[in-house]
Amino acid sequence: MDTTVRPNLSNRWGVTDLLERSICSIVRDPNDQFWIVMTADELPQMNDVRRGPFKTVEGAMAAIEKNLNGSCRHGTAIRLIDAFP
């Protein structure tokens, strides 16, 4: 499964599939190590993934690629746009 990783405003990276469904998140801890975290709904898909620690976001992305047998690439950050003038 191919996935995309996008940074957000809370110092997390959201990981989604090509239909923009959430797969997991990558977070940085106070020691500058990266961890893969997931909700209970996301767990079945990612139960065999090594969760960390990783030295870089790319290291976490490589673990996701290995678990899902697909590419994991960087995407652009999602910016919230106010729909009302």
# chains A, B, ... in the order shown; residues from 1 in each chain; ligands from 1
>>> select_by_dssp(residues="chain A", states="strand (DSSP E or B)", output="PyMOL selection string")
chain A and resi 3-7+12-17+22-28+34-37+54+72-74
>>> closest_residue(among="A:Ser22, A:Arg12, A:Val27, A:Arg51", to="Thr39 (chain A)", atoms="only C-alpha atoms")
A:Ser22
>>> atom_distance(atom1="CA of Thr3 (chain A)", atom2="CA of Arg28 (chain A)")
19.3 Å
>>> closest_residue(among="A:Thr56, A:Ser25, A:Asn47, A:Asn67", to="Pro7 (chain A)", atoms="only C-alpha atoms")
A:Ser25
>>> closest_atom_pairs(of="region 6-44 of chain A", to="region 68-75 of chain A", cutoff="12 Å", atoms="only C-alpha atoms", output="JSON lines")
{"residue": "A:Arg6", "atom": "CA", "partner": "A:Gly75", "partner_atom": "CA", "distance": 5.0}
{"residue": "A:Pro7", "atom": "CA", "partner": "A:Gly75", "partner_atom": "CA", "distance": 8.1}
{"residue": "A:Asn8", "atom": "CA", "partner": "A:Gly75", "partner_atom": "CA", "distance": 10.9}
{"residue": "A:Trp13", "atom": "CA", "partner": "A:His74", "partner_atom": "CA", "distance": 9.6}
{"residue": "A:Gly14", "atom": "CA", "partner": "A:Gly75", "partner_atom": "CA", "distance": 9.8}
{"residue": "A:Val15", "atom": "CA", "partner": "A:Cys72", "partner_atom": "CA", "distance": 8.5}
{"residue": "A:Thr16", "atom": "CA", "partner": "A:Cys72", "partner_atom": "CA", "distance": 9.3}
{"residue": "A:Asp17", "atom": "CA", "partner": "A:Cys72", "partner_atom": "CA", "distance": 9.1}
{"residue": "A:Leu18", "atom": "CA", "partner": "A:Cys72", "partner_atom": "CA", "distance": 10.4}
{"residue": "A:Glu20", "atom": "CA", "partner": "A:Gly75", "partner_atom": "CA", "distance": 11.4}
{"residue": "A:Ile23", "atom": "CA", "partner": "A:Leu68", "partner_atom": "CA", "distance": 10.2}
{"residue": "A:Cys24", "atom": "CA", "partner": "A:Leu68", "partner_atom": "CA", "distance": 11.8}
{"residue": "A:Pro44", "atom": "CA", "partner": "A:Leu68", "partner_atom": "CA", "distance": 11.7}
>>> write_last_selection(atoms="C-alpha atoms", output="CSV table (one decimal), in the first residue's frame")
chain,number,residue,atom,x,y,z
A,6,ARG,CA,2.5,15.2,5.7
A,7,PRO,CA,3.6,17.5,8.6
A,8,ASN,CA,1.0,19.3,10.5
A,13,TRP,CA,3.4,13.8,10.6
A,14,GLY,CA,0.2,12.3,9.5
A,15,VAL,CA,0.4,9.1,7.4
A,16,THR,CA,-2.4,8.5,5.0
A,17,ASP,CA,-3.2,6.1,2.1
A,18,LEU,CA,-3.9,7.3,-1.4
A,20,GLU,CA,-6.5,10.2,2.5
A,23,ILE,CA,-2.8,5.0,8.7
A,24,CYS,CA,-0.8,6.3,11.6
A,44,PRO,CA,-4.8,-3.9,12.8
>>> atom_distance(atom1="CA of Lys66 (chain A)", atom2="CA of Leu9 (chain A)")
27.0 Å
>>> decode(residues="region 40-55 of chain A", atoms="all heavy atoms", output="JSON list (two decimals), in the first residue's frame")
[["chain", "number", "residue", "atom", "x", "y", "z"],
["A", 40, "ALA", "N", -6.54, 2.88, 17.97],
["A", 40, "ALA", "CA", -7.04, 1.51, 17.99],
["A", 40, "ALA", "C", -7.59, 1.10, 16.62],
["A", 40, "ALA", "O", -7.46, -0.06, 16.22],
["A", 40, "ALA", "CB", -8.12, 1.36, 19.06],
["A", 41, "ASP", "N", -8.19, 2.03, 15.90],
["A", 41, "ASP", "CA", -8.72, 1.73, 14.56],
["A", 41, "ASP", "C", -7.60, 1.46, 13.56],
["A", 41, "ASP", "O", -7.79, 0.71, 12.61],
["A", 41, "ASP", "CB", -9.58, 2.88, 14.05],
["A", 41, "ASP", "CG", -10.84, 3.07, 14.86],
["A", 41, "ASP", "OD1", -11.30, 2.09, 15.48],
["A", 41, "ASP", "OD2", -11.37, 4.19, 14.86],
["A", 42, "GLU", "N", -6.46, 2.11, 13.74],
["A", 42, "GLU", "CA", -5.35, 1.95, 12.81],
["A", 42, "GLU", "C", -4.48, 0.74, 13.13],
["A", 42, "GLU", "O", -3.76, 0.24, 12.29],
["A", 42, "GLU", "CB", -4.47, 3.21, 12.84],
["A", 42, "GLU", "CG", -5.20, 4.45, 12.41],
["A", 42, "GLU", "CD", -4.50, 5.72, 12.82],
["A", 42, "GLU", "OE1", -3.64, 5.69, 13.72],
["A", 42, "GLU", "OE2", -4.82, 6.77, 12.24],
["A", 43, "LEU", "N", -4.56, 0.25, 14.35],
["A", 43, "LEU", "CA", -3.69, -0.82, 14.82],
["A", 43, "LEU", "C", -3.69, -2.10, 13.99],
["A", 43, "LEU", "O", -2.63, -2.64, 13.70],
["A", 43, "LEU", "CB", -4.01, -1.13, 16.29],
["A", 43, "LEU", "CG", -3.05, -2.07, 17.01],
["A", 43, "LEU", "CD1", -1.65, -1.49, 17.01],
["A", 43, "LEU", "CD2", -3.53, -2.30, 18.43],
["A", 44, "PRO", "N", -4.84, -2.63, 13.56],
["A", 44, "PRO", "CA", -4.81, -3.90, 12.82],
["A", 44, "PRO", "C", -3.94, -3.87, 11.56],
["A", 44, "PRO", "O", -3.28, -4.85, 11.23],
["A", 44, "PRO", "CB", -6.28, -4.14, 12.45],
["A", 44, "PRO", "CG", -7.05, -3.39, 13.46],
["A", 44, "PRO", "CD", -6.21, -2.19, 13.80],
["A", 45, "GLN", "N", -3.91, -2.75, 10.88],
["A", 45, "GLN", "CA", -3.13, -2.62, 9.65],
["A", 45, "GLN", "C", -1.63, -2.56, 9.93],
["A", 45, "GLN", "O", -0.82, -2.95, 9.11],
["A", 45, "GLN", "CB", -3.55, -1.34, 8.94],
["A", 45, "GLN", "CG", -3.69, -1.49, 7.49],
["A", 45, "GLN", "CD", -4.35, -0.26, 6.92],
["A", 45, "GLN", "OE1", -4.96, 0.54, 7.60],
["A", 45, "GLN", "NE2", -4.21, -0.11, 5.64],
["A", 46, "MET", "N", -1.27, -2.04, 11.09],
["A", 46, "MET", "CA", 0.12, -1.75, 11.39],
["A", 46, "MET", "C", 0.65, -2.56, 12.58],
["A", 46, "MET", "O", 1.62, -2.17, 13.21],
["A", 46, "MET", "CB", 0.26, -0.26, 11.71],
["A", 46, "MET", "CG", -0.12, 0.66, 10.58],
["A", 46, "MET", "SD", 1.10, 0.66, 9.28],
["A", 46, "MET", "CE", 2.39, 1.56, 10.09],
["A", 47, "ASN", "N", 0.03, -3.69, 12.89],
["A", 47, "ASN", "CA", 0.39, -4.41, 14.10],
["A", 47, "ASN", "C", 1.82, -4.95, 14.10],
["A", 47, "ASN", "O", 2.39, -5.17, 15.16],
["A", 47, "ASN", "CB", -0.61, -5.53, 14.39],
["A", 47, "ASN", "CG", -0.71, -6.51, 13.25],
["A", 47, "ASN", "OD1", -0.12, -6.32, 12.19],
["A", 47, "ASN", "ND2", -1.49, -7.55, 13.46],
["A", 48, "ASP", "N", 2.44, -5.18, 12.95],
["A", 48, "ASP", "CA", 3.78, -5.74, 12.91],
["A", 48, "ASP", "C", 4.88, -4.70, 12.74],
["A", 48, "ASP", "O", 6.06, -5.05, 12.65],
["A", 48, "ASP", "CB", 3.89, -6.75, 11.76],
["A", 48, "ASP", "CG", 3.03, -7.97, 12.00],
["A", 48, "ASP", "OD1", 2.78, -8.30, 13.17],
["A", 48, "ASP", "OD2", 2.61, -8.60, 11.01],
["A", 49, "VAL", "N", 4.53, -3.43, 12.67],
["A", 49, "VAL", "CA", 5.54, -2.39, 12.42],
["A", 49, "VAL", "C", 6.37, -2.11, 13.67],
["A", 49, "VAL", "O", 5.86, -2.15, 14.79],
["A", 49, "VAL", "CB", 4.87, -1.09, 11.91],
["A", 49, "VAL", "CG1", 4.10, -0.38, 13.00],
["A", 49, "VAL", "CG2", 5.90, -0.16, 11.29],
["A", 50, "ARG", "N", 7.65, -1.89, 13.47],
["A", 50, "ARG", "CA", 8.51, -1.44, 14.58],
["A", 50, "ARG", "C", 8.15, 0.01, 14.85],
["A", 50, "ARG", "O", 8.14, 0.84, 13.95],
["A", 50, "ARG", "CB", 9.98, -1.56, 14.17],
["A", 50, "ARG", "CG", 10.92, -1.13, 15.26],
["A", 50, "ARG", "CD", 12.38, -1.29, 14.85],
["A", 50, "ARG", "NE", 13.10, -0.20, 15.45],
["A", 50, "ARG", "CZ", 13.92, 0.60, 14.81],
["A", 50, "ARG", "NH1", 14.15, 0.43, 13.53],
["A", 50, "ARG", "NH2", 14.50, 1.59, 15.43],
["A", 51, "ARG", "N", 7.84, 0.35, 16.08],
["A", 51, "ARG", "CA", 7.32, 1.68, 16.41],
["A", 51, "ARG", "C", 8.39, 2.70, 16.75],
["A", 51, "ARG", "O", 8.11, 3.87, 16.88],
["A", 51, "ARG", "CB", 6.32, 1.55, 17.54],
["A", 51, "ARG", "CG", 5.13, 0.72, 17.07],
["A", 51, "ARG", "CD", 3.98, 0.79, 18.01],
["A", 51, "ARG", "NE", 2.89, 0.04, 17.42],
["A", 51, "ARG", "CZ", 2.28, -0.93, 18.02],
["A", 51, "ARG", "NH1", 2.63, -1.29, 19.23],
["A", 51, "ARG", "NH2", 1.29, -1.55, 17.41],
["A", 52, "GLY", "N", 9.62, 2.30, 16.96],
["A", 52, "GLY", "CA", 10.67, 3.27, 17.23],
["A", 52, "GLY", "C", 11.58, 2.80, 18.32],
["A", 52, "GLY", "O", 11.46, 1.67, 18.79],
["A", 53, "PRO", "N", 12.49, 3.63, 18.72],
["A", 53, "PRO", "CA", 12.74, 4.99, 18.23],
["A", 53, "PRO", "C", 13.50, 4.99, 16.91],
["A", 53, "PRO", "O", 14.24, 4.06, 16.60],
["A", 53, "PRO", "CB", 13.58, 5.61, 19.33],
["A", 53, "PRO", "CG", 14.35, 4.46, 19.92],
["A", 53, "PRO", "CD", 13.43, 3.27, 19.80],
["A", 54, "PHE", "N", 13.31, 6.06, 16.15],
["A", 54, "PHE", "CA", 14.01, 6.29, 14.89],
["A", 54, "PHE", "C", 14.76, 7.61, 14.99],
["A", 54, "PHE", "O", 14.32, 8.53, 15.68],
["A", 54, "PHE", "CB", 13.03, 6.36, 13.72],
["A", 54, "PHE", "CG", 12.20, 5.12, 13.56],
["A", 54, "PHE", "CD1", 10.91, 5.06, 14.07],
["A", 54, "PHE", "CD2", 12.70, 4.01, 12.91],
["A", 54, "PHE", "CE1", 10.14, 3.92, 13.93],
["A", 54, "PHE", "CE2", 11.94, 2.85, 12.78],
["A", 54, "PHE", "CZ", 10.66, 2.81, 13.28],
["A", 55, "LYS", "N", 15.87, 7.73, 14.28],
["A", 55, "LYS", "CA", 16.66, 8.96, 14.32],
["A", 55, "LYS", "C", 16.05, 10.05, 13.44],
["A", 55, "LYS", "O", 16.27, 11.22, 13.68],
["A", 55, "LYS", "CB", 18.09, 8.68, 13.86],
["A", 55, "LYS", "CG", 18.87, 7.83, 14.83],
["A", 55, "LYS", "CD", 20.28, 7.63, 14.36],
["A", 55, "LYS", "CE", 21.02, 6.76, 15.36],
["A", 55, "LYS", "NZ", 22.42, 6.56, 14.98]]
